[in-house]
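Comments concern the structure below.
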Amino acid sequence: MAKDEILEQVLEEFGKLAKIPRKSGHEETVSNFLRDELTGLGLNVVQDKAFNLIADMPAAKGREQAPLTILQSHMDMVCVAAEGVAYNPLTDGIQTVRTEEYLQAEGTSLGSDDGTGIAEILYILKHLKEHGPIRVIFTVDEEQGMSGAIALSEEYLKGASFLINCDSENWDVLTIGSAGSVNLDFSRRLKRVAPTAGRAFCLELGGLRGGHSGERIGDGRGNAIRTMAMLLKEISAKGMAELADFSGGTARNAIPCTAKAIIATDLEESVTESCVEDAKRRFMAIYGAAEEGITITCKPHQHPVSVLAADDKERLLQLLTLLHTGVYTMSQVVPGLVETSANLGVIAMTEDRVEVQFFPRSAVDEQVDEFRLMAEDMAALTGFELQIGAQSPGWKERKDSKLAKLMSSIFEQQNGRPMTIEVIHAGLECGWHFKKNPELDIVSIGVTTLDIHSPKERLVLKTVRPQVELIMETLRRIGEL
Ligand SMILES: [Zn+2]
């Protein structure tokens with residue numbers, strides 16, 4: 001087969017998927033479509049209650065003794081549109097645009113994460129001749145809460161020897177471990193009182209780099225919420241300062257790059273301004289190596305109708321300065337890898353309630369446990385309620401992974417250079433698979449997709465063929481292991 005035929009046929013499979021809306025939590029239609037596709041290929045298909053699909057392809061003749069290998073991807077996608085683009089992710093498919101280098105979408109995310117993973121697997125099932133027994137697992141809801149991987153019955157993971165997860169983002173990187181995490185939500189009911197101070201100011205903080213809390217936390221970037229909390233503490237130390245509003249951050253797993261607060265105070269403008277200058281200086285002293293700058297504006301503001309009772313303000317600022325944010329420990333095993341971190345991700349305030357989203361991650365589950373226990377004490381000490389979400393397990397790297405060894409050697413034969421082997425400080429469904437079957441030898445790979453989860457998401461076309469060839473050759477040779 002001509003080399004570019006692989007790309008063309010994978011894109012054809014992808015094109016069928018792109019037409020089907022498949023936002024996380026709304027996968028019934030795509031699940032039914034893929035169930036029929038897999039059934040049509042002669043596989044024995046199970047659709048579970050969560051709409052996960054599990055399909056078995058028997059070994060080719062003479063290869064029945066080869067170990068059972070799982071190929072896994074997720075069906076859902078992050079649906080976002082550029083400003084001004086009309087897009088209803090529940091009813092609209094994706095309009096793809098192809099250039100010489102990329103496949104992208106018309107003003108929306110593409111869903112290459114993880115539609116390309118599924119398209120590749122369908123291609124492989126149709127074309128691979130020499131292989132042992134293969135099980136395909138397509139999960140739902142990876143992007144939102146991994147509820148598909150959580151719900152997946154362990155019976156489908158037991159009995160298999162290897163699992164290839166096709167949900168990573170760089171064609172030449174082999175991932176062999178990932179971090180676990182837990183969602184921690186602090187909240188407190190607020191009492192409001194009439195302000196007594198004479199002036200009001202709006203403090204706005206920006207110019208920070210932000211970024212994904214799994215990928216970028218090791219860079220030492222600044223946290224806008226923490227910085228604002230420190231500034232408010234400093235202003236309060238100088239004299240009376242009442243807090244009317246405090247907001248910042250966009251997502252638990254994103255380092256917050258903006259924060260805003262409205263205060264009422266009796267302090268002279270020159271005093272608040274010197275606090276702001278001091279906050280900037282302190283910010284650069286702590287984060288200057290990783291940040292280019294910070295802007296903090298302090299502008300006169302309309303007098304607020306109400307402010308937080310003094311005790312509420314005090315306790316909120318205590319919580320925001322006590323919670324650890326940033327790197328906590330580095331790995332003693334993998335040089336340069338962040339082992340444990342936490343991100344103070346979001347603060348949101350209404351009339352009578354404040355909520356703070358906090359997100360620890362670790363490669364070591366016991367460290368996530370420790371953060372959970374610390375958060376319980378912190379909540380008790382500061383008078384906050386704490387809601388503990390599902391704890392997702394880490395996927396611990398296996399130093400003697402036979403699968404990683406085979407795949408990296410095949411990659412080197414095919415591409416003339418070694419594959420980068422990585423453990424990542426972010427979450428993957430592999431954590432759940434590993435928890436359900438710790439014997440499973442797992443790797444995660446993926447075609448190169450840039451700017452995922454954004455309207456600029458684009459698939460690098462030239463990475464498709466080598467990725468498919470890597471998986472196919474691995475499946476042909478897996479009997480050697
Ligand atoms: Zn994904």
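Each chain in the structure tokens gets a letter, A, B and so on, in the order shown; residues start at 1 in every chain, and ligands are counted from 1 in the order they appear.
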
Tell me, counting only C-alpha atoms and all ligand atoms, for each residue of chain A within 6 Å of ligand 1, which pair of atoms is nearest and how far apart they are in Å to one decimal, in rows ordered by chain and increasing number, as JSON lines.
```
{"residue": "A:Asp113", "atom": "CA", "partner": "ligand 1", "partner_atom_place_in_ligand_line": "1 (Zn)", "distance": 4.6}
{"residue": "A:Asp114", "atom": "CA", "partner": "ligand 1", "partner_atom_place_in_ligand_line": "1 (Zn)", "distance": 4.8}
{"residue": "A:Asp167", "atom": "CA", "partner": "ligand 1", "partner_atom_place_in_ligand_line": "1 (Zn)", "distance": 5.0}
```

Using C-alpha atoms, can you write the selected residues to a file as a PDB file, in the first residue's frame?
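The result, written out as part-v7.pdb:
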```pdb
ATOM      1  CA  ASP A 113      -8.048  14.430  20.961  1.00  0.00           C
ATOM      2  CA  ASP A 114      -9.119  11.696  20.880  1.00  0.00           C
ATOM      3  CA  ASP A 167      -4.468   9.578  23.929  1.00  0.00           C
TER       4      ASP A 167
END
```

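Neighbouring residues of Leu381 (chain A) at 12 Å or closer, counting only C-alpha atoms and skipping chain neighbours under 6 positions away, are A:Arg315, A:Leu316, A:Gln318, A:Leu319, A:Leu322, A:Leu323, A:Met374, A:Ala375.
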
Query raised in the report: DSSP on the backbone: what in region 305-469 of chain A comes out strand (DSSP E), as a count of residues only?
Result: 51

Query raised in the report: Skipping near chain neighbours, those fewer than 4 positions away, what residues fall within 6 Å of Arg22 (chain A) using only C-alpha atoms, listed as a ChimeraX atom specification?
Result: /A:26-27,76

Requested in this report: Excluding Ala259 (chain A) and any residue of its chain fewer than 2 positions from it, enumerate the residues within 6 Å of it, using only C-alpha atoms, and give them as a list of chain:residue names.
Outcome: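 Once the adjacent positions are removed, what remains is A:Leu205, A:Ala224, A:Ile225, A:Ser247, A:Gly248.
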